[in-house]
Amino acid sequence: MTNTKPDTRPNNPQFSSGPCTKPSTWTLDALSDAALGRSHRAAVGKDKLLAAIETTRDVLNIPADYKIGIVPASDTGAVEMAMWNLLGARGVDMLSWESFGSGWVTDVVKQLKLDNVNHLHADYGQLPDLNTINFNNDVVFTWNGTTSGVRVPNGDFIPADRAGLTICDATSAAFAQDLPWDKLDVTTFSWQKVLGGEAAHGMIILSPRAVERLETYAPAWPLPKIFRLTKAGKLIDGIFKGATINTPSMLAVEDYLFALDWAKSVGGNAGLIKRADANLQVLADFVAKNDWIGFLADDADTVSNTSVCLKITDPRVAALDADAQAAFAKGLAKLLETEGVAYDIGSYRDAPAGLRIWTGGTVENSDLVALTPWLNWAFETQIATL
Ligand SMILES: Cc1ncc(COP(=O)(O)O)c(C=O)c1O
């Protein structure tokens with residue numbers, strides 16, 4: 001059987017799950033108004049930082065009484081800042097179902113060494129039983145598991161009258177999935193994810209209950225300056241008005257402001273969700289038509305519309321040992337990269353062998369449509385070598 005290359009290539013082969021592709025209208029000119037060479041504490045810098053905060057509120061429909069801060073060290077910085085400041089006041093339920101959630105469990109068990117920890121874990125492809133979470137405890141979870149492509153379907157599992165705080169790593173969900181702010185006490189994300197911005201800075205969003213905890217509880221362990229959100233028992237309010245803890249990159253800020261403007265131009269949060277859903281649909285149709293490939297997520301309600309993780313289900317591949325399966329999947333990604341058709345679509349290093357294709361709103365639907373015949377081409381090319 002001949003396996004000819006498809007005629008059409010994606011215009012943009014960038015399908016990485018982070019840093020994610022920039023909006024198609026982005027050029028370096030987007031950064032020309034950056035406040036470079038100026039103090040971030042001068043009015044010009046502070047205004048831009050405040051605009052980044054308030055435009056985030058506007059696009060994500062974050063309530064007026066929630067605090068939004070720009071913090072160091074991308075999403076990891078924001079999540080660890082939350083855990084180091086807030087945990088220890090009560091027990092904690094830690095949820096994990098893929099690599100990043102598992103990383104937060106390691107933080108809590110091995111670094112913070114908390115003893116009252118309830119760990120709810122599920123394998124790649126599944127969610128832990130959300131009905132068994134103890135919301136009298138604080139609860140730490142990832143909204144969208146980037147390395148398994150499994151997300152929580154909605155916030156219904158979180159009670160309105162919980163006693164503990166919910167701390168949610170939403171880095172691959174914010175700007176693509178509906179986040180119910182009344183159910184989330186701490187939410188974090190990075191600019192480098194769904195909006196295709198730059199890494200380096202994280203966002204931390206605090207509910208009034210999270211602020212109350214910060215002002216009434218002091219953890220037993222030391223907090224480096226880079227993590228400190230309070231001074232003498234009071235929230236450092238300036239952080240949430242653009243007076244960052246330390247020096248931010250004003251180039252990255254400018255880039256984020258561009259991304260937020262672009263987000264507004266495609267219909268804001270609702271428009272972004274629609275774009276991600278339509279992108280996922282292209283891959284769902286592809287999976288339905290081809291029996292060599294399937295979603296890693298077991299339940300259709302939990303399939304991510306940003307980090308779509310796919311496993312190879314063809315029996316000839318399934319019969320191989322684990323190393324050969326991984327080599328097969330890597331070979332597919334390599335072939336597509338060499339063709340300049342898709343970059344960075346191998347599964348995450350700790351995740352099961354397969355492909356991971358980003359479908360957040362900055363990805364153009366037509367590029368995914370153009371990619372799918374190439375997936376079949378790569379599979380046929382590779383299977384012929386077995
Ligand atoms: C769910 C999740 N949490 C945390 C991170 C780490 O993000 P960052 O490198 O922006 O700190 C990632 C990155 O892919 C992620 O997907």
# chains A, B, ... in the order shown; residues from 1 in each chain; ligands from 1
call {"tool": "residues_near_ligand", "arguments": {"ligand": "ligand 1", "cutoff": "9 Å", "atoms": "only C-alpha atoms and all ligand atoms", "output": "number ranges by chain"}}
result
A: 17-19, 73-79, 98-101, 103-104, 142-147, 169-173, 188-193, 199-202, 307
call {"tool": "write_last_selection", "arguments": {"atoms": "C-alpha atoms", "output": "PDB file, in the first residue's frame"}}
result
ATOM      1  CA  SER A  17       1.501  22.227  25.616  1.00  0.00           C
ATOM      2  CA  GLY A  18       3.646  25.004  27.006  1.00  0.00           C
ATOM      3  CA  PRO A  19       4.935  27.444  26.126  1.00  0.00           C
ATOM      4  CA  ALA A  73       8.232  31.672  38.971  1.00  0.00           C
ATOM      5  CA  SER A  74       5.326  31.015  36.643  1.00  0.00           C
ATOM      6  CA  ASP A  75       2.543  28.660  37.716  1.00  0.00           C
ATOM      7  CA  THR A  76       4.859  26.618  39.928  1.00  0.00           C
ATOM      8  CA  GLY A  77       5.708  29.749  41.894  1.00  0.00           C
ATOM      9  CA  ALA A  78       2.055  30.625  42.350  1.00  0.00           C
ATOM     10  CA  VAL A  79       1.003  27.123  43.483  1.00  0.00           C
ATOM     11  CA  GLU A  98      -1.046  12.963  36.541  1.00  0.00           C
ATOM     12  CA  SER A  99       2.461  14.379  36.898  1.00  0.00           C
ATOM     13  CA  PHE A 100       1.817  17.943  38.070  1.00  0.00           C
ATOM     14  CA  GLY A 101      -0.734  17.008  40.736  1.00  0.00           C
ATOM     15  CA  GLY A 103       4.395  17.038  42.188  1.00  0.00           C
ATOM     16  CA  TRP A 104       2.206  19.038  44.573  1.00  0.00           C
ATOM     17  CA  THR A 142      -5.347  20.518  39.302  1.00  0.00           C
ATOM     18  CA  TRP A 143      -8.339  21.615  37.207  1.00  0.00           C
ATOM     19  CA  ASN A 144      -6.919  20.232  33.970  1.00  0.00           C
ATOM     20  CA  GLY A 145      -4.259  17.547  34.187  1.00  0.00           C
ATOM     21  CA  THR A 146      -1.947  18.665  31.409  1.00  0.00           C
ATOM     22  CA  THR A 147      -0.020  15.401  31.172  1.00  0.00           C
ATOM     23  CA  ASP A 169      -3.795  24.751  39.782  1.00  0.00           C
ATOM     24  CA  ALA A 170      -5.726  25.928  36.728  1.00  0.00           C
ATOM     25  CA  THR A 171      -2.786  26.709  34.477  1.00  0.00           C
ATOM     26  CA  SER A 172      -3.977  24.667  31.494  1.00  0.00           C
ATOM     27  CA  ALA A 173      -7.653  25.466  32.152  1.00  0.00           C
ATOM     28  CA  THR A 188      -3.212  29.850  39.752  1.00  0.00           C
ATOM     29  CA  PHE A 189      -2.030  29.947  36.168  1.00  0.00           C
ATOM     30  CA  SER A 190       0.877  31.042  34.013  1.00  0.00           C
ATOM     31  CA  TRP A 191       0.922  33.395  31.042  1.00  0.00           C
ATOM     32  CA  GLN A 192       2.819  30.806  28.999  1.00  0.00           C
ATOM     33  CA  LYS A 193      -0.136  28.442  28.765  1.00  0.00           C
ATOM     34  CA  ALA A 199       6.774  32.141  31.213  1.00  0.00           C
ATOM     35  CA  ALA A 200       8.476  33.680  34.262  1.00  0.00           C
ATOM     36  CA  HIS A 201       5.379  35.072  35.949  1.00  0.00           C
ATOM     37  CA  GLY A 202       2.457  33.363  37.611  1.00  0.00           C
ATOM     38  CA  SER A 307      -3.953  19.275  26.362  1.00  0.00           C
TER      39      SER A 307
END
call {"tool": "residues_around", "arguments": {"residues": "A:Asp367", "least_positions_apart": "4", "cutoff": "8 Å", "atoms": "only C-alpha atoms", "output": "list in words"}}
result
Arg9, Pro10, Asn11, Asn12, Pro13, Val363 and Leu371 of chain A
call {"tool": "residues_around", "arguments": {"residues": "stretch 80-96 of chain A", "least_positions_apart": "4", "cutoff": "6 Å", "atoms": "only C-alpha atoms", "output": "ChimeraX atom specification"}}
result
/A:101-102,116-121,137-141,227
call {"tool": "write_last_selection", "arguments": {"atoms": "N, CA and C atoms", "output": "compact mmCIF listing (two decimals), in the first residue's frame"}}
result
# COMPACT_ATOMS: atom_id res chain seq x y z
N GLY A 101 -0.05 17.22 39.46
CA GLY A 101 -0.73 17.01 40.74
C GLY A 101 0.14 16.18 41.68
N SER A 102 0.83 15.20 41.11
CA SER A 102 1.71 14.36 41.93
C SER A 102 2.87 15.19 42.48
N ASN A 116 -1.26 15.46 58.46
CA ASN A 116 -2.69 15.17 58.29
C ASN A 116 -3.07 15.31 56.81
N VAL A 117 -2.57 14.35 56.02
CA VAL A 117 -2.75 14.43 54.55
C VAL A 117 -3.56 13.22 54.08
N ASN A 118 -4.59 13.51 53.31
CA ASN A 118 -5.39 12.46 52.70
C ASN A 118 -5.12 12.53 51.19
N HIS A 119 -4.50 11.48 50.66
CA HIS A 119 -4.09 11.53 49.25
C HIS A 119 -5.07 10.73 48.39
N LEU A 120 -5.74 11.41 47.49
CA LEU A 120 -6.65 10.72 46.56
C LEU A 120 -5.98 10.69 45.19
N HIS A 121 -5.68 9.49 44.73
CA HIS A 121 -4.90 9.36 43.50
C HIS A 121 -5.63 8.51 42.47
N ASN A 137 -11.29 19.67 55.17
CA ASN A 137 -9.86 19.89 54.97
C ASN A 137 -9.66 20.94 53.87
N ASP A 138 -8.45 21.47 53.77
CA ASP A 138 -8.09 22.19 52.55
C ASP A 138 -7.94 21.15 51.44
N VAL A 139 -8.18 21.57 50.21
CA VAL A 139 -8.13 20.63 49.09
C VAL A 139 -7.26 21.23 47.99
N VAL A 140 -6.25 20.49 47.58
CA VAL A 140 -5.35 20.96 46.51
C VAL A 140 -5.57 20.08 45.29
N PHE A 141 -5.88 20.68 44.16
CA PHE A 141 -6.10 19.88 42.95
C PHE A 141 -5.77 20.68 41.70
N PHE A 227 8.06 34.48 48.59
CA PHE A 227 6.75 33.83 48.80
C PHE A 227 5.84 34.67 49.70
call {"tool": "residues_around", "arguments": {"residues": "A:Gly45", "least_positions_apart": "4", "cutoff": "9 Å", "atoms": "only C-alpha atoms", "output": "NGL selection string"}}
result
:A and (34-36 or 38-41 or 49-50 or 242 or 250)
call {"tool": "closest_residue", "arguments": {"among": "A:Pro315, A:Pro208, A:Gly331, A:Gly267", "to": "A:Val186", "atoms": "only C-alpha atoms"}}
result
A:Pro208
call {"tool": "residues_around", "arguments": {"residues": "A:Ile70", "least_positions_apart": "2", "cutoff": "9 Å", "atoms": "only C-alpha atoms", "output": "list in words"}}
result
Leu49, Ala52, Ile53, Ile68, Pro72, Ala78, His201, Gly202, Met203, Ile204, Ile239, Phe240, Gly242, Ala243, Thr244, Ile245 and Pro248 of chain A
call {"tool": "write_last_selection", "arguments": {"atoms": "N, CA and C atoms", "output": "PDB file, in the first residue's frame"}}
result
ATOM      1  N   LEU A  49       1.243  46.916  34.857  1.00  0.00           N
ATOM      2  CA  LEU A  49       1.019  45.759  35.739  1.00  0.00           C
ATOM      3  C   LEU A  49      -0.424  45.739  36.240  1.00  0.00           C
ATOM      4  N   ALA A  52      -2.641  44.603  33.503  1.00  0.00           N
ATOM      5  CA  ALA A  52      -2.583  43.139  33.340  1.00  0.00           C
ATOM      6  C   ALA A  52      -3.514  42.468  34.352  1.00  0.00           C
ATOM      7  N   ILE A  53      -3.523  42.988  35.574  1.00  0.00           N
ATOM      8  CA  ILE A  53      -4.382  42.419  36.625  1.00  0.00           C
ATOM      9  C   ILE A  53      -5.857  42.661  36.300  1.00  0.00           C
ATOM     10  N   ILE A  68      -6.077  39.618  42.796  1.00  0.00           N
ATOM     11  CA  ILE A  68      -5.307  39.007  41.703  1.00  0.00           C
ATOM     12  C   ILE A  68      -3.890  39.551  41.768  1.00  0.00           C
ATOM     13  N   PRO A  72       6.315  35.691  41.117  1.00  0.00           N
ATOM     14  CA  PRO A  72       7.449  35.111  40.404  1.00  0.00           C
ATOM     15  C   PRO A  72       7.277  33.614  40.147  1.00  0.00           C
ATOM     16  N   ALA A  78       3.353  30.249  41.777  1.00  0.00           N
ATOM     17  CA  ALA A  78       2.055  30.625  42.350  1.00  0.00           C
ATOM     18  C   ALA A  78       1.465  29.496  43.201  1.00  0.00           C
ATOM     19  N   HIS A 201       6.300  34.579  34.922  1.00  0.00           N
ATOM     20  CA  HIS A 201       5.379  35.072  35.949  1.00  0.00           C
ATOM     21  C   HIS A 201       4.156  34.192  36.089  1.00  0.00           C
ATOM     22  N   GLY A 202       3.678  34.115  37.329  1.00  0.00           N
ATOM     23  CA  GLY A 202       2.457  33.363  37.611  1.00  0.00           C
ATOM     24  C   GLY A 202       1.387  34.314  38.084  1.00  0.00           C
ATOM     25  N   MET A 203       0.145  33.864  38.037  1.00  0.00           N
ATOM     26  CA  MET A 203      -0.972  34.637  38.573  1.00  0.00           C
ATOM     27  C   MET A 203      -1.545  33.856  39.751  1.00  0.00           C
ATOM     28  N   ILE A 204      -1.842  34.593  40.821  1.00  0.00           N
ATOM     29  CA  ILE A 204      -2.504  33.969  41.970  1.00  0.00           C
ATOM     30  C   ILE A 204      -3.775  34.759  42.247  1.00  0.00           C
ATOM     31  N   ILE A 239       0.801  44.108  46.261  1.00  0.00           N
ATOM     32  CA  ILE A 239       1.062  43.012  45.306  1.00  0.00           C
ATOM     33  C   ILE A 239      -0.134  42.861  44.364  1.00  0.00           C
ATOM     34  N   PHE A 240      -1.320  43.155  44.857  1.00  0.00           N
ATOM     35  CA  PHE A 240      -2.541  42.936  44.072  1.00  0.00           C
ATOM     36  C   PHE A 240      -2.970  44.201  43.313  1.00  0.00           C
ATOM     37  N   GLY A 242      -0.273  45.680  41.477  1.00  0.00           N
ATOM     38  CA  GLY A 242       0.810  45.831  40.503  1.00  0.00           C
ATOM     39  C   GLY A 242       2.160  46.167  41.112  1.00  0.00           C
ATOM     40  N   ALA A 243       2.227  46.262  42.457  1.00  0.00           N
ATOM     41  CA  ALA A 243       3.530  46.465  43.099  1.00  0.00           C
ATOM     42  C   ALA A 243       4.103  45.077  43.393  1.00  0.00           C
ATOM     43  N   THR A 244       4.734  44.483  42.398  1.00  0.00           N
ATOM     44  CA  THR A 244       5.174  43.087  42.500  1.00  0.00           C
ATOM     45  C   THR A 244       6.226  42.911  43.595  1.00  0.00           C
ATOM     46  N   ILE A 245       6.399  41.664  44.064  1.00  0.00           N
ATOM     47  CA  ILE A 245       7.328  41.388  45.162  1.00  0.00           C
ATOM     48  C   ILE A 245       8.756  41.747  44.739  1.00  0.00           C
ATOM     49  N   PRO A 248       9.661  42.366  37.797  1.00  0.00           N
ATOM     50  CA  PRO A 248       9.099  41.531  36.728  1.00  0.00           C
ATOM     51  C   PRO A 248       9.742  41.876  35.382  1.00  0.00           C
TER      52      PRO A 248
END
call {"tool": "closest_residue", "arguments": {"among": "A:Ser148, A:Thr56, A:Gln111, A:Thr372", "to": "A:Tyr256", "atoms": "only C-alpha atoms"}}
result
A:Thr56
call {"tool": "closest_residue", "arguments": {"among": "A:Glu215, A:Asp156, A:Glu380, A:Asp301", "to": "A:Phe328", "atoms": "only C-alpha atoms"}}
result
A:Glu380
call {"tool": "closest_residue", "arguments": {"among": "A:Val109, A:Ala43, A:Val150, A:Ile273", "to": "A:Pro128", "atoms": "only C-alpha atoms"}}
result
A:Val150
call {"tool": "select_by_dssp", "arguments": {"residues": "stretch 226-281 of chain A", "states": "strand (DSSP E)", "output": "list of chain:residue names"}}
result
A:Thr230, A:Lys231, A:Lys234, A:Leu235
call {"tool": "write_last_selection", "arguments": {"atoms": "N, CA and C atoms", "output": "mmCIF file, in the first residue's frame"}}
result
data_model
loop_
_atom_site.group_PDB
_atom_site.id
_atom_site.type_symbol
_atom_site.label_atom_id
_atom_site.label_comp_id
_atom_site.auth_asym_id
_atom_site.auth_seq_id
_atom_site.Cartn_x
_atom_site.Cartn_y
_atom_site.Cartn_z
ATOM 1 N N THR A 230 2.047 38.444 53.223
ATOM 2 C CA THR A 230 1.562 39.265 54.336
ATOM 3 C C THR A 230 2.734 39.941 55.040
ATOM 4 N N LYS A 231 2.389 41.010 55.724
ATOM 5 C CA LYS A 231 3.365 41.696 56.571
ATOM 6 C C LYS A 231 2.636 42.041 57.866
ATOM 7 N N LYS A 234 -1.050 41.280 57.976
ATOM 8 C CA LYS A 234 -1.960 41.911 56.999
ATOM 9 C C LYS A 234 -1.514 41.560 55.588
ATOM 10 N N LEU A 235 -2.474 41.381 54.714
ATOM 11 C CA LEU A 235 -2.155 41.142 53.311
ATOM 12 C C LEU A 235 -1.334 42.313 52.763
#
call {"tool": "atom_distance", "arguments": {"atom1": "atom CA of A:Ala322", "atom2": "atom CA of A:Cys309"}}
result
17.4 Å
call {"tool": "select_by_dssp", "arguments": {"residues": "stretch 250-342 of chain A", "states": "alpha helix (DSSP H)", "output": "NGL selection string"}}
result
:A and (250-265 or 268-289 or 315-318 or 322-338)
call {"tool": "closest_residue", "arguments": {"among": "A:Leu127, A:Ala263, A:Leu280, A:Leu114", "to": "A:Lys22", "atoms": "only C-alpha atoms"}}
result
A:Ala263
call {"tool": "closest_residue", "arguments": {"among": "A:Asp182, A:Asp65, A:Asp129, A:Glu254", "to": "A:Leu28", "atoms": "only C-alpha atoms"}}
result
A:Glu254
call {"tool": "atom_distance", "arguments": {"atom1": "atom CA of A:Ser207", "atom2": "atom CA of A:Lys46"}}
result
23.0 Å
call {"tool": "residues_around", "arguments": {"residues": "A:Val317", "least_positions_apart": "4", "cutoff": "12 Å", "atoms": "only C-alpha atoms", "output": "list in words"}}
result
Trp292, Ile293, Lys311, Ile312, Thr313, Asp321, Ala322, Asp323, Ala324, Gln325, Ala326, Ala327, Phe328, Ala329, Ala353, Gly354, Phe379, Glu380, Gln382, Ile383, Ala384, Thr385 and Leu386 of chain A
call {"tool": "write_last_selection", "arguments": {"atoms": "N, CA and C atoms", "output": "PDB file, in the first residue's frame"}}
result
ATOM      1  N   TRP A 292      -6.822   3.227  15.230  1.00  0.00           N
ATOM      2  CA  TRP A 292      -5.475   3.001  15.777  1.00  0.00           C
ATOM      3  C   TRP A 292      -5.156   3.920  16.951  1.00  0.00           C
ATOM      4  N   ILE A 293      -6.065   4.864  17.215  1.00  0.00           N
ATOM      5  CA  ILE A 293      -5.748   5.911  18.197  1.00  0.00           C
ATOM      6  C   ILE A 293      -6.972   6.199  19.074  1.00  0.00           C
ATOM      7  N   LYS A 311      -3.617   7.908  22.999  1.00  0.00           N
ATOM      8  CA  LYS A 311      -2.821   6.675  23.091  1.00  0.00           C
ATOM      9  C   LYS A 311      -3.010   5.865  21.818  1.00  0.00           C
ATOM     10  N   ILE A 312      -2.017   5.049  21.533  1.00  0.00           N
ATOM     11  CA  ILE A 312      -2.084   4.244  20.309  1.00  0.00           C
ATOM     12  C   ILE A 312      -2.697   2.903  20.674  1.00  0.00           C
ATOM     13  N   THR A 313      -3.835   2.618  20.061  1.00  0.00           N
ATOM     14  CA  THR A 313      -4.612   1.434  20.459  1.00  0.00           C
ATOM     15  C   THR A 313      -4.489   0.297  19.443  1.00  0.00           C
ATOM     16  N   ASP A 321       6.383  -4.497  23.775  1.00  0.00           N
ATOM     17  CA  ASP A 321       6.647  -4.211  25.190  1.00  0.00           C
ATOM     18  C   ASP A 321       6.654  -2.687  25.408  1.00  0.00           C
ATOM     19  N   ALA A 322       6.674  -2.284  26.682  1.00  0.00           N
ATOM     20  CA  ALA A 322       6.479  -0.865  27.011  1.00  0.00           C
ATOM     21  C   ALA A 322       7.526   0.026  26.325  1.00  0.00           C
ATOM     22  N   ASP A 323       8.780  -0.432  26.301  1.00  0.00           N
ATOM     23  CA  ASP A 323       9.832   0.387  25.681  1.00  0.00           C
ATOM     24  C   ASP A 323       9.585   0.556  24.186  1.00  0.00           C
ATOM     25  N   ALA A 324       9.162  -0.528  23.548  1.00  0.00           N
ATOM     26  CA  ALA A 324       8.928  -0.455  22.098  1.00  0.00           C
ATOM     27  C   ALA A 324       7.700   0.401  21.798  1.00  0.00           C
ATOM     28  N   GLN A 325       6.710   0.338  22.668  1.00  0.00           N
ATOM     29  CA  GLN A 325       5.534   1.212  22.480  1.00  0.00           C
ATOM     30  C   GLN A 325       5.938   2.685  22.586  1.00  0.00           C
ATOM     31  N   ALA A 326       6.776   2.958  23.588  1.00  0.00           N
ATOM     32  CA  ALA A 326       7.225   4.348  23.765  1.00  0.00           C
ATOM     33  C   ALA A 326       8.043   4.791  22.554  1.00  0.00           C
ATOM     34  N   ALA A 327       8.887   3.882  22.053  1.00  0.00           N
ATOM     35  CA  ALA A 327       9.719   4.222  20.888  1.00  0.00           C
ATOM     36  C   ALA A 327       8.821   4.464  19.672  1.00  0.00           C
ATOM     37  N   PHE A 328       7.750   3.690  19.556  1.00  0.00           N
ATOM     38  CA  PHE A 328       6.830   3.860  18.427  1.00  0.00           C
ATOM     39  C   PHE A 328       6.189   5.252  18.481  1.00  0.00           C
ATOM     40  N   ALA A 329       5.708   5.604  19.661  1.00  0.00           N
ATOM     41  CA  ALA A 329       5.037   6.910  19.812  1.00  0.00           C
ATOM     42  C   ALA A 329       6.022   8.056  19.574  1.00  0.00           C
ATOM     43  N   ALA A 353       2.993   6.325  26.993  1.00  0.00           N
ATOM     44  CA  ALA A 353       3.409   6.611  25.609  1.00  0.00           C
ATOM     45  C   ALA A 353       2.223   7.081  24.782  1.00  0.00           C
ATOM     46  N   GLY A 354       2.457   8.035  23.925  1.00  0.00           N
ATOM     47  CA  GLY A 354       1.388   8.513  23.048  1.00  0.00           C
ATOM     48  C   GLY A 354       1.704   9.897  22.529  1.00  0.00           C
ATOM     49  N   PHE A 379       1.464   7.395  11.129  1.00  0.00           N
ATOM     50  CA  PHE A 379       1.177   6.068  11.673  1.00  0.00           C
ATOM     51  C   PHE A 379       1.465   4.992  10.624  1.00  0.00           C
ATOM     52  N   GLU A 380       0.990   5.189   9.411  1.00  0.00           N
ATOM     53  CA  GLU A 380       1.191   4.171   8.362  1.00  0.00           C
ATOM     54  C   GLU A 380       2.688   4.034   8.032  1.00  0.00           C
ATOM     55  N   GLN A 382       5.168   4.545  10.022  1.00  0.00           N
ATOM     56  CA  GLN A 382       5.856   3.934  11.152  1.00  0.00           C
ATOM     57  C   GLN A 382       5.487   2.450  11.289  1.00  0.00           C
ATOM     58  N   ILE A 383       4.229   2.129  11.061  1.00  0.00           N
ATOM     59  CA  ILE A 383       3.791   0.726  11.271  1.00  0.00           C
ATOM     60  C   ILE A 383       4.433  -0.165  10.201  1.00  0.00           C
ATOM     61  N   ALA A 384       4.702   0.418   9.036  1.00  0.00           N
ATOM     62  CA  ALA A 384       5.328  -0.366   7.954  1.00  0.00           C
ATOM     63  C   ALA A 384       6.749  -0.807   8.321  1.00  0.00           C
ATOM     64  N   THR A 385       7.334  -0.157   9.322  1.00  0.00           N
ATOM     65  CA  THR A 385       8.706  -0.509   9.706  1.00  0.00           C
ATOM     66  C   THR A 385       8.740  -1.607  10.779  1.00  0.00           C
ATOM     67  N   LEU A 386       7.583  -1.972  11.309  1.00  0.00           N
ATOM     68  CA  LEU A 386       7.578  -2.971  12.401  1.00  0.00           C
ATOM     69  C   LEU A 386       7.955  -4.359  11.886  1.00  0.00           C
TER      70      LEU A 386
END
call {"tool": "residues_around", "arguments": {"residues": "A:Leu368", "least_positions_apart": "3", "cutoff": "12 Å", "atoms": "only C-alpha atoms", "output": "ChimeraX atom specification"}}
result
/A:8-15,275-276,278-286,308,341-342,357-365,371-375
call {"tool": "atom_distance", "arguments": {"atom1": "atom CA of A:Ala163", "atom2": "atom CA of A:Ala210"}}
result
11.4 Å
